[in-house]
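Next comes work02.cif, with mmCIF, C-alpha atoms.
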```
data_final
#
loop_
_atom_site.label_atom_id
_atom_site.label_comp_id
_atom_site.auth_asym_id
_atom_site.auth_seq_id
_atom_site.Cartn_x
_atom_site.Cartn_y
_atom_site.Cartn_z
CA MET Y 1 -15.20 13.47 -7.26
CA LEU Y 2 -17.34 14.30 -4.23
CA ALA Y 3 -17.03 17.90 -2.94
CA SER Y 4 -18.61 19.78 -0.03
CA VAL Y 5 -18.77 23.57 0.48
CA ILE Y 6 -19.36 25.35 3.81
CA SER Y 7 -19.23 29.08 4.52
CA VAL Y 8 -16.94 30.61 7.13
CA GLY Y 9 -19.98 31.73 9.09
CA SER Y 10 -21.59 28.29 9.06
CA LEU Y 11 -18.28 26.68 10.08
CA SER Y 12 -17.94 29.11 12.95
CA GLU Y 13 -21.50 28.40 14.11
CA ARG Y 14 -20.89 24.67 13.98
CA LEU Y 15 -17.76 25.00 16.08
CA LYS Y 16 -19.81 26.41 18.92
CA SER Y 17 -22.42 23.65 18.84
CA ALA Y 18 -19.86 20.88 18.24
CA PHE Y 19 -17.68 21.69 21.23
CA GLY Y 20 -20.45 22.53 23.67
CA THR Y 21 -19.16 24.13 26.83
CA LEU Y 22 -15.96 25.36 25.20
CA GLY Y 23 -18.14 27.96 23.45
CA SER Y 24 -16.33 31.00 22.13
CA ASN Y 25 -12.91 29.56 23.02
CA VAL Y 26 -12.89 27.32 19.93
CA PHE Y 27 -10.98 28.53 16.84
CA VAL Y 28 -9.57 27.52 13.46
CA LEU Y 29 -6.60 29.49 12.11
CA TYR Y 30 -5.47 29.71 8.50
CA GLY Y 31 -1.76 29.83 9.06
CA LYS Y 32 -0.74 31.66 12.20
CA ASP Y 33 -1.92 35.07 11.09
CA ARG Y 34 -5.53 34.61 9.87
CA VAL Y 35 -8.71 33.40 11.60
CA LEU Y 36 -10.68 30.89 9.52
CA ALA Y 37 -13.46 30.11 12.02
CA HIS Y 38 -14.52 31.49 15.40
CA THR Y 39 -17.84 31.98 17.13
CA LEU Y 40 -17.37 35.74 16.75
CA MET Y 41 -17.55 35.16 12.98
CA ALA Y 42 -20.76 33.12 13.05
CA THR Y 43 -22.93 36.13 12.22
CA GLY Y 44 -20.31 38.05 10.26
CA TYR Y 45 -17.23 40.01 11.20
CA PRO Y 46 -16.58 43.67 10.46
CA GLY Y 47 -13.92 44.88 8.07
CA LEU Y 48 -13.80 41.84 5.79
CA THR Y 49 -13.47 42.39 2.05
CA VAL Y 50 -12.87 40.35 -1.10
CA GLU Y 51 -9.20 41.22 -0.83
CA THR Y 52 -9.15 40.40 2.93
CA PRO Y 53 -11.73 37.62 3.38
CA LEU Y 54 -10.29 36.44 6.73
CA PRO Y 55 -9.53 38.69 9.74
CA PRO Y 56 -5.95 38.85 11.02
CA VAL Y 57 -5.13 37.24 14.37
CA ALA Y 58 -3.49 40.45 15.54
CA GLY Y 59 -6.25 42.74 16.78
CA PHE Y 60 -8.94 40.03 16.57
CA GLY Y 61 -11.95 40.45 18.86
CA ASP Y 62 -10.77 37.52 21.00
CA SER Y 63 -7.83 39.15 22.83
CA ILE Y 64 -6.67 35.80 24.21
CA LEU Y 65 -6.48 34.29 20.71
CA ALA Y 66 -4.76 37.47 19.46
CA ALA Y 67 -1.91 36.82 21.93
CA MET Y 68 -1.63 33.09 21.18
CA TRP Y 69 1.70 33.31 19.40
CA ASN Y 70 3.28 35.98 21.66
CA SER Y 71 6.72 34.41 22.07
CA ASP Y 72 7.53 36.42 25.18
CA SER Y 73 4.82 34.69 27.20
CA ILE Y 74 4.82 31.16 25.75
CA ARG Y 75 6.04 28.16 27.73
CA PRO Y 76 5.63 24.40 27.24
CA LEU Y 77 2.52 22.60 28.41
CA ARG Y 78 3.21 20.30 31.35
CA ILE Y 79 0.57 17.79 30.27
CA ASP Y 80 1.60 15.23 27.67
CA LEU Y 81 -0.77 15.23 24.69
CA ASP Y 82 -1.26 12.34 22.32
CA PRO Y 83 -0.09 13.25 18.82
CA PRO Y 84 -1.17 14.91 16.65
CA LEU Y 85 -2.41 17.23 19.42
CA ARG Y 86 -0.10 20.06 20.41
CA GLY Y 87 -0.26 22.71 23.09
CA HIS Y 88 1.41 25.48 25.02
CA VAL Y 89 0.74 27.94 27.84
CA ALA Y 90 0.75 31.69 27.38
CA ARG Y 91 0.53 34.19 30.20
CA ILE Y 92 -1.82 36.95 29.20
CA ASP Y 93 -2.83 39.77 31.53
CA ASP Y 94 -1.27 37.89 34.46
CA VAL Y 95 -3.47 34.85 33.79
CA ASP Y 96 -2.21 31.55 32.36
CA HIS Y 97 -4.13 30.39 29.32
CA VAL Y 98 -3.77 26.95 27.79
CA PHE Y 99 -3.86 26.52 24.02
CA VAL Y 100 -4.55 23.01 22.67
CA TYR Y 101 -4.63 22.58 18.91
CA ARG Y 102 -3.88 20.34 15.98
CA LYS Y 103 -1.83 21.35 12.96
CA ILE Y 104 -3.36 20.16 9.65
CA GLU Y 105 -1.14 20.41 6.55
CA ALA Y 106 -2.66 17.97 4.06
CA TYR Y 107 -5.33 20.09 2.42
CA THR Y 108 -4.14 23.68 1.99
CA ALA Y 109 -1.07 25.60 0.92
CA VAL Y 110 -0.55 26.87 4.48
CA PRO Y 111 -1.19 24.84 7.63
CA ILE Y 112 -4.52 25.01 9.47
CA TYR Y 113 -4.61 25.12 13.26
CA ALA Y 114 -7.81 23.84 14.89
CA GLY Y 115 -8.14 24.01 18.65
CA ALA Y 116 -9.34 25.88 21.73
CA HIS Y 117 -8.02 28.04 24.56
CA PHE Y 118 -9.12 28.36 28.17
CA ARG Y 119 -7.88 29.25 31.61
CA SER Y 120 -5.32 26.87 33.09
CA GLU Y 121 -7.54 25.96 36.05
CA VAL Y 122 -10.00 24.19 33.81
CA VAL Y 123 -7.34 22.30 31.84
CA ALA Y 124 -8.04 18.87 33.24
CA GLY Y 125 -11.78 18.74 32.56
CA GLU Y 126 -11.83 20.74 29.36
CA LEU Y 127 -8.83 18.96 27.90
CA GLU Y 128 -10.56 15.62 28.27
CA ARG Y 129 -13.67 17.04 26.67
CA LEU Y 130 -11.65 18.52 23.81
CA ARG Y 131 -9.76 15.31 23.22
CA ASP Y 132 -12.97 13.31 23.08
CA SER Y 133 -14.51 15.83 20.71
CA ILE Y 134 -11.49 15.77 18.43
CA ILE Y 135 -11.53 12.00 18.37
CA VAL Y 136 -15.21 12.04 17.42
CA GLY Y 137 -14.53 14.68 14.80
CA LEU Y 138 -11.64 12.74 13.31
CA ALA Y 139 -13.74 9.59 13.29
CA ALA Y 140 -16.48 11.47 11.44
CA VAL Y 141 -13.96 12.81 8.91
CA ALA Y 142 -12.53 9.32 8.40
CA ALA Y 143 -16.02 7.90 7.95
CA SER Y 144 -16.84 10.65 5.45
CA ILE Y 145 -13.71 9.92 3.45
CA LEU Y 146 -14.43 6.19 3.39
CA LEU Y 147 -18.02 6.89 2.35
CA ALA Y 148 -16.83 9.25 -0.38
CA VAL Y 149 -14.37 6.65 -1.69
CA PHE Y 150 -17.08 3.99 -1.66
CA ILE Y 151 -19.59 6.21 -3.45
CA GLY Y 152 -16.92 7.37 -5.90
CA ARG Y 153 -16.05 3.81 -6.85
CA ARG Y 154 -19.69 2.87 -7.23
CA LEU Y 155 -20.22 5.86 -9.51
CA ALA Y 156 -16.99 5.29 -11.44
CA ARG Y 157 -17.71 1.63 -12.20
CA PRO Y 158 -20.59 2.20 -14.66
CA VAL Y 159 -18.70 5.08 -16.28
CA THR Y 160 -15.69 2.80 -16.77
CA ARG Y 161 -17.91 0.11 -18.30
CA LEU Y 162 -19.44 2.68 -20.63
CA SER Y 163 -15.99 3.89 -21.70
CA ALA Y 164 -14.83 0.34 -22.47
CA ALA Y 165 -18.02 -0.40 -24.42
CA ALA Y 166 -17.66 2.86 -26.37
CA ARG Y 167 -14.14 1.83 -27.42
CA LEU Y 168 -15.52 -1.48 -28.73
CA ILE Y 169 -18.15 0.41 -30.74
CA GLY Y 170 -15.40 2.58 -32.22
CA GLN Y 171 -13.65 -0.62 -33.30
CA MET Y 172 -16.95 -2.11 -34.58
CA ASN Y 173 -16.60 -5.09 -32.21
CA LEU Y 174 -20.33 -5.05 -31.52
CA ASP Y 175 -20.52 -8.78 -30.84
CA ASP Y 176 -18.21 -8.35 -27.83
CA ILE Y 177 -20.39 -5.71 -26.16
CA ARG Y 178 -22.70 -6.76 -23.36
CA ASP Y 179 -25.67 -4.69 -22.27
CA LEU Y 180 -24.83 -2.26 -19.48
CA PRO Y 181 -26.58 -3.18 -16.20
CA PRO Y 182 -29.17 -0.83 -14.65
CA SER Y 183 -28.14 1.60 -11.93
CA ARG Y 184 -29.89 2.99 -8.85
CA VAL Y 185 -28.63 6.44 -9.85
CA ARG Y 186 -31.27 7.83 -12.19
CA GLU Y 187 -28.85 9.60 -14.54
CA LEU Y 188 -26.57 6.55 -14.82
CA ASP Y 189 -29.58 4.28 -15.37
CA GLN Y 190 -30.82 6.54 -18.18
CA GLN Y 191 -27.31 6.51 -19.65
CA SER Y 192 -27.19 2.69 -19.58
CA SER Y 193 -30.64 2.38 -21.17
CA ALA Y 194 -29.75 4.83 -23.93
CA PHE Y 195 -26.45 3.08 -24.63
CA ASN Y 196 -28.09 -0.37 -24.76
CA ALA Y 197 -30.71 0.93 -27.19
CA MET Y 198 -27.99 2.48 -29.37
CA ASN Y 199 -25.95 -0.73 -29.33
CA GLY Y 200 -29.00 -2.77 -30.34
CA ALA Y 201 -29.74 -0.36 -33.17
CA LEU Y 202 -26.14 -0.54 -34.39
CA LYS Y 203 -26.25 -4.33 -34.41
CA TRP Y 204 -29.38 -4.26 -36.56
CA PHE Y 205 -27.85 -1.54 -38.72
CA GLN Y 206 -24.74 -3.68 -39.20
CA ALA Y 207 -26.91 -6.64 -40.17
CA TYR Y 208 -28.44 -4.68 -43.04
CA VAL Y 209 -25.43 -2.62 -44.09
CA PRO Y 210 -21.95 -3.99 -44.98
CA ARG Y 211 -19.67 -3.93 -41.94
CA ALA Y 212 -16.85 -2.17 -43.80
CA LEU Y 213 -19.30 0.56 -44.79
CA VAL Y 214 -20.54 0.95 -41.20
CA ARG Y 215 -16.94 1.21 -39.99
CA GLN Y 216 -16.18 3.94 -42.52
CA LEU Y 217 -19.37 5.82 -41.66
CA LEU Y 218 -18.43 5.80 -37.99
CA THR Y 219 -14.93 6.96 -38.84
CA ALA Y 220 -15.93 9.64 -41.31
CA GLY Y 221 -19.08 10.79 -39.52
CA ASP Y 222 -20.85 11.68 -42.81
CA LEU Y 223 -21.32 10.56 -46.42
CA THR Y 224 -18.64 12.83 -47.89
CA GLY Y 225 -16.07 10.05 -48.02
CA LEU Y 226 -18.53 7.80 -49.87
CA GLU Y 227 -19.10 9.96 -52.94
CA SER Y 228 -18.96 8.13 -56.26
CA ASP Y 229 -15.54 7.74 -57.88
CA ARG Y 230 -13.60 5.32 -60.05
CA ARG Y 231 -11.94 2.50 -58.17
CA ASN Y 232 -9.88 -0.57 -58.99
CA VAL Y 233 -11.97 -3.37 -57.53
CA THR Y 234 -12.44 -7.11 -57.63
CA VAL Y 235 -16.05 -8.27 -57.86
CA MET Y 236 -17.46 -11.69 -56.98
CA PHE Y 237 -20.83 -13.22 -57.89
CA THR Y 238 -22.06 -16.54 -56.52
CA ASP Y 239 -25.11 -18.59 -57.37
CA ILE Y 240 -26.58 -21.94 -56.31
CA ALA Y 241 -26.65 -24.25 -59.34
CA GLY Y 242 -29.95 -26.09 -59.70
CA TYR Y 243 -31.54 -24.10 -56.91
CA SER Y 244 -35.06 -25.17 -57.90
CA THR Y 245 -34.04 -28.82 -57.44
CA VAL Y 246 -32.47 -28.15 -54.04
CA SER Y 247 -35.51 -26.22 -52.78
CA GLU Y 248 -38.11 -28.51 -54.32
CA GLY Y 249 -40.72 -29.71 -51.85
CA LYS Y 250 -39.50 -27.48 -49.01
CA SER Y 251 -41.64 -25.13 -46.98
CA ALA Y 252 -40.99 -21.39 -46.82
CA SER Y 253 -39.26 -21.69 -43.43
CA GLU Y 254 -37.08 -24.57 -44.67
CA ILE Y 255 -36.04 -22.57 -47.74
CA ALA Y 256 -35.23 -19.57 -45.53
CA GLY Y 257 -33.18 -21.83 -43.27
CA LEU Y 258 -31.28 -23.27 -46.26
CA LEU Y 259 -30.48 -19.81 -47.66
CA ASN Y 260 -29.56 -18.35 -44.30
CA ARG Y 261 -27.09 -21.14 -43.63
CA HIS Y 262 -25.67 -20.87 -47.16
CA PHE Y 263 -25.35 -17.08 -47.00
CA SER Y 264 -23.71 -17.31 -43.55
CA ILE Y 265 -20.98 -19.53 -44.98
CA LEU Y 266 -20.36 -17.17 -47.87
CA THR Y 267 -20.48 -14.00 -45.76
CA GLU Y 268 -18.07 -15.34 -43.14
CA GLU Y 269 -15.45 -16.30 -45.71
CA ILE Y 270 -15.83 -13.12 -47.77
CA GLU Y 271 -15.55 -10.86 -44.71
CA ALA Y 272 -12.65 -12.94 -43.38
CA GLN Y 273 -10.76 -11.86 -46.49
CA GLY Y 274 -11.73 -8.20 -46.11
CA GLY Y 275 -14.49 -8.25 -48.68
CA THR Y 276 -17.79 -6.35 -48.59
CA VAL Y 277 -21.01 -8.31 -49.13
CA ASP Y 278 -23.03 -5.91 -51.24
CA LYS Y 279 -26.35 -7.66 -51.64
CA PHE Y 280 -28.25 -10.95 -51.71
CA ILE Y 281 -30.18 -11.51 -54.96
CA GLY Y 282 -32.43 -14.51 -54.59
CA ASP Y 283 -29.93 -17.34 -54.02
CA SER Y 284 -27.01 -15.23 -55.33
CA VAL Y 285 -24.46 -13.06 -53.54
CA MET Y 286 -22.60 -10.02 -54.87
CA ALA Y 287 -19.41 -8.97 -53.07
CA PHE Y 288 -16.43 -6.79 -53.85
CA TRP Y 289 -12.97 -5.80 -52.67
CA GLY Y 290 -11.38 -2.34 -52.94
CA ALA Y 291 -14.30 -0.17 -51.76
CA PRO Y 292 -15.24 1.67 -49.63
CA GLU Y 293 -11.74 1.07 -48.19
CA LYS Y 294 -8.87 0.86 -50.62
CA GLN Y 295 -7.18 -2.55 -50.49
CA LYS Y 296 -4.04 -4.15 -51.82
CA ASP Y 297 -4.02 -7.69 -53.26
CA ARG Y 298 -7.75 -7.49 -53.98
CA ALA Y 299 -7.69 -10.36 -56.47
CA ALA Y 300 -5.72 -12.59 -54.10
CA HIS Y 301 -8.20 -11.93 -51.27
CA ALA Y 302 -11.12 -12.77 -53.54
CA CYS Y 303 -9.49 -16.02 -54.70
CA ARG Y 304 -8.73 -17.04 -51.12
CA ALA Y 305 -12.35 -16.37 -50.20
CA ALA Y 306 -13.56 -18.47 -53.15
CA LEU Y 307 -11.35 -21.43 -52.16
CA ALA Y 308 -12.47 -21.13 -48.54
CA ILE Y 309 -16.09 -21.19 -49.71
CA ARG Y 310 -15.33 -24.32 -51.73
CA SER Y 311 -14.02 -26.07 -48.60
CA ARG Y 312 -16.96 -24.95 -46.47
CA ILE Y 313 -19.52 -26.05 -49.10
CA ALA Y 314 -17.86 -29.47 -49.35
CA ALA Y 315 -18.05 -29.91 -45.56
CA ASP Y 316 -21.67 -28.74 -45.50
CA ASN Y 317 -22.59 -31.16 -48.28
CA GLU Y 318 -21.23 -34.03 -46.21
CA ARG Y 319 -23.57 -32.98 -43.44
CA ARG Y 320 -26.44 -32.74 -45.91
CA ALA Y 321 -25.68 -36.22 -47.28
CA ASP Y 322 -25.84 -37.67 -43.75
CA ALA Y 323 -29.24 -35.99 -43.36
CA GLY Y 324 -30.44 -37.44 -46.66
CA GLU Y 325 -30.54 -34.05 -48.40
CA PRO Y 326 -29.28 -33.27 -51.91
CA PRO Y 327 -25.92 -31.47 -52.19
CA VAL Y 328 -25.63 -27.76 -52.86
CA ARG Y 329 -23.56 -26.89 -55.91
CA VAL Y 330 -22.26 -23.36 -56.33
CA ARG Y 331 -20.91 -21.27 -59.19
CA ILE Y 332 -18.53 -18.37 -58.49
CA GLY Y 333 -17.42 -15.69 -60.95
CA ILE Y 334 -14.63 -13.19 -60.21
CA GLN Y 335 -13.46 -10.22 -62.26
CA SER Y 336 -11.00 -7.38 -61.53
CA GLY Y 337 -10.88 -3.93 -63.06
CA GLU Y 338 -12.19 -0.39 -62.81
CA ALA Y 339 -15.72 0.31 -61.59
CA THR Y 340 -17.73 3.23 -60.26
CA ALA Y 341 -18.07 2.93 -56.48
CA GLY Y 342 -20.38 5.11 -54.42
CA ASN Y 343 -23.90 5.81 -53.20
CA ILE Y 344 -26.52 4.80 -55.72
CA GLY Y 345 -30.21 5.41 -55.08
CA SER Y 346 -32.63 8.13 -54.04
CA ARG Y 347 -32.60 10.76 -51.30
CA SER Y 348 -34.56 8.52 -48.97
CA ARG Y 349 -32.77 5.25 -49.73
CA LEU Y 350 -29.12 4.75 -50.73
CA ASN Y 351 -27.08 1.70 -51.49
CA TYR Y 352 -23.29 1.84 -51.51
CA THR Y 353 -22.29 -0.41 -54.41
CA VAL Y 354 -20.07 -0.75 -57.46
CA ILE Y 355 -21.35 -0.58 -61.02
CA GLY Y 356 -19.80 -0.87 -64.46
CA ASP Y 357 -18.38 -3.32 -66.98
CA THR Y 358 -16.28 -5.14 -64.38
CA VAL Y 359 -19.42 -5.96 -62.39
CA ASN Y 360 -21.27 -7.17 -65.47
CA ILE Y 361 -18.42 -9.44 -66.54
CA ALA Y 362 -18.14 -10.95 -63.02
CA GLN Y 363 -21.81 -11.90 -63.19
CA ARG Y 364 -21.39 -13.38 -66.69
CA LEU Y 365 -18.35 -15.39 -65.55
CA GLU Y 366 -20.43 -16.91 -62.76
CA GLN Y 367 -23.00 -17.99 -65.36
CA LEU Y 368 -20.23 -19.51 -67.52
CA GLY Y 369 -19.50 -21.92 -64.66
CA LYS Y 370 -22.21 -24.25 -65.98
CA GLU Y 371 -20.22 -24.58 -69.25
CA VAL Y 372 -16.64 -24.40 -67.92
CA SER Y 373 -17.06 -26.70 -64.91
CA PRO Y 374 -20.44 -28.40 -65.19
CA ASP Y 375 -19.52 -31.27 -62.84
CA ASP Y 376 -17.66 -29.30 -60.12
CA GLU Y 377 -19.23 -29.04 -56.69
CA VAL Y 378 -18.02 -25.42 -56.60
CA ALA Y 379 -17.05 -23.99 -59.99
CA ILE Y 380 -14.75 -20.94 -59.75
CA VAL Y 381 -14.37 -18.99 -62.99
CA VAL Y 382 -12.19 -15.85 -63.13
CA GLY Y 383 -11.24 -13.29 -65.72
CA ALA Y 384 -7.75 -12.74 -67.11
CA ALA Y 385 -7.19 -9.62 -64.97
CA THR Y 386 -7.95 -11.54 -61.78
CA ALA Y 387 -5.68 -14.43 -62.78
CA ALA Y 388 -2.86 -11.98 -63.50
CA ASP Y 389 -3.33 -9.90 -60.33
CA ALA Y 390 -3.75 -12.86 -57.95
CA GLY Y 391 -0.09 -13.87 -58.33
CA ALA Y 392 1.82 -17.11 -58.19
CA GLU Y 393 0.03 -18.28 -55.06
CA PHE Y 394 -2.82 -19.77 -57.11
CA ALA Y 395 -3.12 -22.39 -59.83
CA PHE Y 396 -5.29 -21.42 -62.82
CA GLU Y 397 -6.33 -23.38 -65.89
CA PRO Y 398 -6.86 -21.28 -69.05
CA VAL Y 399 -10.17 -22.06 -70.70
CA GLY Y 400 -9.86 -19.68 -73.64
CA ASP Y 401 -11.82 -16.73 -74.97
CA MET Y 402 -15.56 -17.08 -74.50
CA ALA Y 403 -18.48 -14.93 -75.56
CA VAL Y 404 -20.54 -13.42 -72.79
CA LYS Y 405 -24.03 -11.98 -72.98
CA GLY Y 406 -24.17 -8.23 -73.46
CA ARG Y 407 -20.55 -7.90 -74.61
CA ALA Y 408 -19.41 -7.93 -78.23
CA ALA Y 409 -15.79 -8.90 -77.60
CA PRO Y 410 -15.03 -12.32 -76.06
CA VAL Y 411 -13.63 -12.59 -72.54
CA GLU Y 412 -10.52 -14.55 -71.59
CA VAL Y 413 -11.64 -17.13 -69.03
CA HIS Y 414 -9.69 -19.16 -66.43
CA ARG Y 415 -10.66 -21.79 -63.89
CA LEU Y 416 -9.32 -21.39 -60.34
CA LEU Y 417 -8.07 -24.85 -59.38
CA GLY Y 418 -6.52 -24.11 -56.01
CA THR Y 419 -3.23 -22.94 -54.57
CA GLN Y 420 0.22 -23.90 -55.80
CA ASP Y 421 1.09 -25.68 -52.53
#
```
Kindly transcribe the structure held in the file into structure tokens.
Amino acid sequence: MLASVISVGSLSERLKSAFGTLGSNVFVLYGKDRVLAHTLMATGYPGLTVETPLPPVAGFGDSILAAMWNSDSIRPLRIDLDPPLRGHVARIDDVDHVFVYRKIEAYTAVPIYAGAHFRSEVVAGELERLRDSIIVGLAAVAASILLAVFIGRRLARPVTRLSAAARLIGQMNLDDIRDLPPSRVRELDQQSSAFNAMNGALKWFQAYVPRALVRQLLTAGDLTGLESDRRNVTVMFTDIAGYSTVSEGKSASEIAGLLNRHFSILTEEIEAQGGTVDKFIGDSVMAFWGAPEKQKDRAAHACRAALAIRSRIAADNERRADAGEPPVRVRIGIQSGEATAGNIGSRSRLNYTVIGDTVNIAQRLEQLGKEVSPDDEVAIVVGAATAADAGAEFAFEPVGDMAVKGRAAPVEVHRLLGTQD
């Protein structure tokens, strides 16, 4: 919004200079009973107070203006005026005075009358001068309005872009946000630069911290909602079987490229099923469902992610075979149950993760893949709780009770074959 403020005195002074030879005959009335601007008010007018900021027309220092609305002496003007101009003649002290004015109703609660008065003998010349001046004034007002609209739109456009980008940040759709363009307005340019820097920092932050955790941090605003508690979760561990063989003879950059591509496949499918990628451990991935956001059908989501990973690995191995590279074989272990979820670490460095027996068993199940499915391209081994919670959508093959390292009692093991379709 563009606003302009002018004092009554300044407005009165400008009337005199704007209308030249009309001089003190120019006036602006607020309604019919108050004077808003007059050359007599350019340097102040006596008797004005906070309660009565405008002098009344009756008794005003301009006796001709004071008698403007005297109905006993008013008669129509014989000259036709182009609308919106109006006029009438009033006989005052045996002299005819012509009043020419315009009624303005669009901006205030009561109408404003802007015009001039003069003796009837100078009507012809002065009326032409007044009309030309009014036309120029109206043209200036119109130009000011158009300029204000233009400037307002130019100023509103970057604010609108910022608002839309801020909504995307609130939804964690950082990939859809484009950098805000610079602006010639210093404040808006500083705003755009600060927002672009913040967006870049959030993208890096999201790359190092699980997206679900970032979303909850933005929603909660602090770490209170991430305090440690017991949760029902489903945990997944993955590992590249024979990693030393796959990476043999490769340079450091080639190994990084191999792992980055592999981790991208796993991350995309895990996050597509609402999972949280907790950490990368060498060539292994740890992920979980059910924290920090509570989720239903956690086991089913984890099994769908595992099957999607199997399909993606198979397609990637076809590409690797065409390039003359050895295939990548993967083991996946999944276990469901209670675990402690929360911030683990020191004051200067925290990691939101899940710990407990469920996590340990998921890792041991992944390692059992080399015994349960030694020849599978992607071996998916799950615990009994996961097989039971996943539902009838999936086909499992019972393997039996197997001993796992670090646990005295054996664990009931199943192979995930696929879906029932």
Practice task
Kindly resolve the PyMOL selection byres ((chain Y and resi 30-47) around 9) on the present coordinates and return the residues as a ChimeraX atom specification.
Solution key: /Y:8-16,23-29,48-49,52-58,60-62,69,108,110-114
Practice task
Run the PyMOL selection byres ((chain Y and resi 407) around 10) mentally over the shown coordinates, then write out the matched residues as a PyMOL selection string, using the chain letters and numbers from the document.
Solution key: chain Y and resi 357+360-361+364+403-406+408-411
Exercise for the section: Extract, using all atoms listed in the file, all DNA, RNA and protein residues at most 9 Å from Arg86 (chain Y), discarding same-chain residues fewer than 4 positions from it, and format them as a list in words. Expected result: Leu77, Asp80, Leu81, Asp82, Phe99, Val100, Tyr101, Arg102 and Lys103 of chain Y
Selection near Gly383 (chain Y), 7 Å with all atoms listed in the file, sequence-local residues under 2 positions removed, as an mmCIF file with C-alpha atoms, keeping the file's coordinate frame:
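Below is the file result-v2.cif, written as the result:
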```
data_model
loop_
_atom_site.group_PDB
_atom_site.id
_atom_site.type_symbol
_atom_site.label_atom_id
_atom_site.label_comp_id
_atom_site.auth_asym_id
_atom_site.auth_seq_id
_atom_site.Cartn_x
_atom_site.Cartn_y
_atom_site.Cartn_z
ATOM 1 C CA ILE Y 334 -14.630 -13.190 -60.210
ATOM 2 C CA GLN Y 335 -13.460 -10.220 -62.260
ATOM 3 C CA ALA Y 385 -7.190 -9.620 -64.970
ATOM 4 C CA THR Y 386 -7.950 -11.540 -61.780
ATOM 5 C CA ALA Y 387 -5.680 -14.430 -62.780
ATOM 6 C CA GLU Y 412 -10.520 -14.550 -71.590
ATOM 7 C CA VAL Y 413 -11.640 -17.130 -69.030
ATOM 8 C CA HIS Y 414 -9.690 -19.160 -66.430
#
```
Give as a PDB file with C-alpha atoms, in the coordinates of the input the residues that the PyMOL selection byres ((chain Y and resi 321-329) around 8) matches when applied to the coordinates above.
```
ATOM      1  CA  ILE Y 240     -26.580 -21.940 -56.310  1.00  0.00           C
ATOM      2  CA  ALA Y 241     -26.650 -24.250 -59.340  1.00  0.00           C
ATOM      3  CA  GLY Y 242     -29.950 -26.090 -59.700  1.00  0.00           C
ATOM      4  CA  VAL Y 246     -32.470 -28.150 -54.040  1.00  0.00           C
ATOM      5  CA  ILE Y 313     -19.520 -26.050 -49.100  1.00  0.00           C
ATOM      6  CA  ASN Y 317     -22.590 -31.160 -48.280  1.00  0.00           C
ATOM      7  CA  GLU Y 318     -21.230 -34.030 -46.210  1.00  0.00           C
ATOM      8  CA  ARG Y 319     -23.570 -32.980 -43.440  1.00  0.00           C
ATOM      9  CA  ARG Y 320     -26.440 -32.740 -45.910  1.00  0.00           C
ATOM     10  CA  VAL Y 330     -22.260 -23.360 -56.330  1.00  0.00           C
ATOM     11  CA  ARG Y 331     -20.910 -21.270 -59.190  1.00  0.00           C
ATOM     12  CA  ASP Y 376     -17.660 -29.300 -60.120  1.00  0.00           C
ATOM     13  CA  GLU Y 377     -19.230 -29.040 -56.690  1.00  0.00           C
ATOM     14  CA  VAL Y 378     -18.020 -25.420 -56.600  1.00  0.00           C
TER      15      VAL Y 378
END
```
I'd like the box whose edges run along x, y and z of the file and which contains every listed atom of region 261-274 of chain Y, padded by 6 Å per side; could you state its centre and edge lengths in Å, one decimal, as AutoDock Vina command-line options?
```
--center_x -18.9 --center_y -14.7 --center_z -45.5 --size_x 28.3 --size_y 24.9 --size_z 16.7
```
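Between CA of Trp289 (chain Y) and CA of Gly274 (chain Y) the interatomic distance comes to 7.1 Å.
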Exercise for the section: Quick one: pull the distance between CA of Ser244 (chain Y) and CA of Ala379 (chain Y), Å, one decimal. Expected result: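 It comes out at 18.2 Å.
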Handout entry: Which of Y:Ile255, Y:Ala384, Y:Ile281, Y:Met236 sits closest to Glu366 (chain Y) [using only C-alpha atoms]
Key = Y:Met236
Exercise for the section: Rank Y:Asp421, Y:Glu397, Y:Glu51, Y:Asp72 by their smallest atom-to-atom distance to Val381 (chain Y), using all atoms listed in the file, and report the top residue only. Expected result: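 Smallest distance to Val381 (chain Y) is found for Y:Glu397.
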Practice task
Kindly give the distance, in Å, that separates CA of Phe396 (chain Y) and CA of Asp316 (chain Y), rounded to a single decimal.
Solution key: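 Those two atoms sit 24.9 Å apart.
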Practice task
Pick out the residues sitting within 6 Å of Phe394 (chain Y), and hand them over as number ranges by chain; count only C-alpha atoms, and ignore anything fewer than 5 positions along from it in its own chain.
Solution key: Y: 418-420
Handout entry: Neighbour list for Ala272 (chain Y) as a ChimeraX atom specification, cut-off 10 Å, all atoms listed in the file, skip fewer than 3 positions in-chain
Key = /Y:266-269,275-276,301,304-305,308
Problem - Option closest in space to His117 (chain Y), from Y:Leu138, Y:Ile332, Y:Val233, Y:Ala67 [counting all atoms listed in the file] - result: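 Distance minimum relative to His117 (chain Y) lands on Y:Ala67.
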Practice task
Tell me which of Y:Val95, Y:Leu259, Y:Ala143, Y:Ala306 sits closest to Gly282 (chain Y), counting only C-alpha atoms.
Solution key: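 Once distances to Gly282 (chain Y) are computed over only C-alpha atoms, the minimum belongs to Y:Leu259.
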